[in-house]
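Below: the structure, in structure tokens.
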Amino acid sequence: MQYQSKAAIRPLVAALVFAFASAGAVQAQDAKPAADPAVANQLDPNSSEKDAKLIDKYQAVKVEDGKYTDGDGAPTYHITNDGKKFDWYAYSGYRRYHAECHVCHGPDAMGSTYAPALKDSLKRLSYEEFVGIIAGGKQDISSSGTNVMPAFGDNKNVMCYADDLYVYLKARASGAMPRVRPGDKEDKPESAKKAEKECLGG
């Protein structure tokens with residue numbers, strides 16, 4: 001089945017994310033603010049100038065119930081307090097990544113000998129593509145072998161936090177989040193607590 005636009009596929013992708021079904025439906029505001037220079041000054045020192053441009057692309061333009069979205073309406077990160085305080089979802093994504101993903105994809109999304117660096121993959125993957133891959137898996141076949149990403153569509157410990165993972169990896173892709181555990185974070189929104197409880201069936 002082919003979809004005509006991101007708007008058409010977004011509701012379907014959001015359904016895969018269980019309780020976070022409304023995440024992709026949020027529309028961004030018209031005016032897009034410039035990248036925060038304080039954030040640019042906190043870039044991962046290994047980031048290139050090209051990577052730094054992603055900060056503007058991923059800049060949060062709207063917030064609803066503590067969840068930020070970019071100009072395309074996809075979940076994104078937000079950093080305040082001179083580039084030191086992260087939104088709850090970026091922090092949660094860091095924790096979830098290191099609980100569920102780092103064994104294959106390496107600490108801090110840096111990659112390993114058998115799985116790609118997701119900090120690089122998120123420079124080209126859209127929100128829809130990302131959620132589709134974690135839900136349905138992926139298989140890459142080349143002359144050097146076959147790499148298989150298992151499907152996590154039935155794993156609530158992954159799918160209930162798909163947006164959080166995406167937000168964290170976007171922050172790593174742009175270099176806005178260095179290779180450290182976020183030391184300061186926004187409080188967990190009530191909407192996140194409710195969505196988590198509903199998604200996990202608690």
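Quick note on naming: the chains in the structure tokens go A, B, ... in the order shown, residues restart at 1 in each chain, and ligands are numbered from 1 in order of appearance.
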**OP:** Mind the document's chain letters and residue numbers, and return as a PyMOL selection string the residues of region 64-93 of chain A that DSSP labels helix (DSSP H, G or I).
**Re:** chain A and resi 88-93
Please, could you write that set of residues out with N, CA and C atoms as a compact mmCIF listing (two decimals), in the first residue's frame?
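So the final result, stored in part.txt, reads:
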# COMPACT_ATOMS: atom_id res chain seq x y z
N TRP A 88 11.58 16.13 29.23
CA TRP A 88 11.41 14.81 29.84
C TRP A 88 11.58 13.69 28.82
N TYR A 89 11.06 13.86 27.62
CA TYR A 89 11.08 12.77 26.64
C TYR A 89 12.49 12.45 26.15
N ALA A 90 13.33 13.46 26.01
CA ALA A 90 14.73 13.21 25.63
C ALA A 90 15.43 12.44 26.74
N TYR A 91 15.17 12.82 27.98
CA TYR A 91 15.76 12.12 29.12
C TYR A 91 15.25 10.67 29.19
N SER A 92 13.94 10.51 29.04
CA SER A 92 13.35 9.17 29.07
C SER A 92 13.91 8.32 27.92
N GLY A 93 14.09 8.94 26.76
CA GLY A 93 14.64 8.21 25.62
C GLY A 93 16.05 7.74 25.88
Subject >> region 119-131 of chain A environment, 7 Å, only C-alpha atoms, sequence neighbours closer than 4 positions dropped, as a count of residues only >> reply: 11
**OP:** Between A:Ala176, A:Val158, A:Cys101, A:Ala60, single out the one closest to Ala117 (chain A), counting only C-alpha atoms.
**Re:** A:Cys101
**OP:** Could you tell me which of A:Gly83, A:Gly73, A:Gly136, A:Gly175 comes closest to Asp108 (chain A) if we count only C-alpha atoms?
**Re:** A:Gly175
Original post:
Between A:Gly145, A:Pro150, A:Gly201, A:Pro75, which is the closest to Ala171 (chain A) once you count only C-alpha atoms?
Top reply: A:Pro75
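Distances to Val180 (chain A) were evaluated for A:Thr113, A:Ala195, A:Pro107, A:Lys156 using only C-alpha atoms, and the minimum falls at A:Pro107.
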Original post:
Within 7 Å of Met149 (chain A), counting only C-alpha atoms, which residues qualify if same-chain residues fewer than 6 places away don't, as a list in words?
Top reply: Gly137, Lys138 and Gln139 of chain A
May I have the residues from that selection written out with C-alpha atoms, as a PDB file, in the first residue's frame?
ATOM      1  CA  GLY A 137      11.992  -4.944  12.002  1.00  0.00           C
ATOM      2  CA  LYS A 138      14.423  -4.670   9.116  1.00  0.00           C
ATOM      3  CA  GLN A 139      16.739  -6.943   7.169  1.00  0.00           C
TER       4      GLN A 139
END
**OP:** For CA of Tyr168 (chain A) and CA of Tyr94 (chain A), quote the distance in Å rounded to one decimal.
**Re:** 5.8 Å
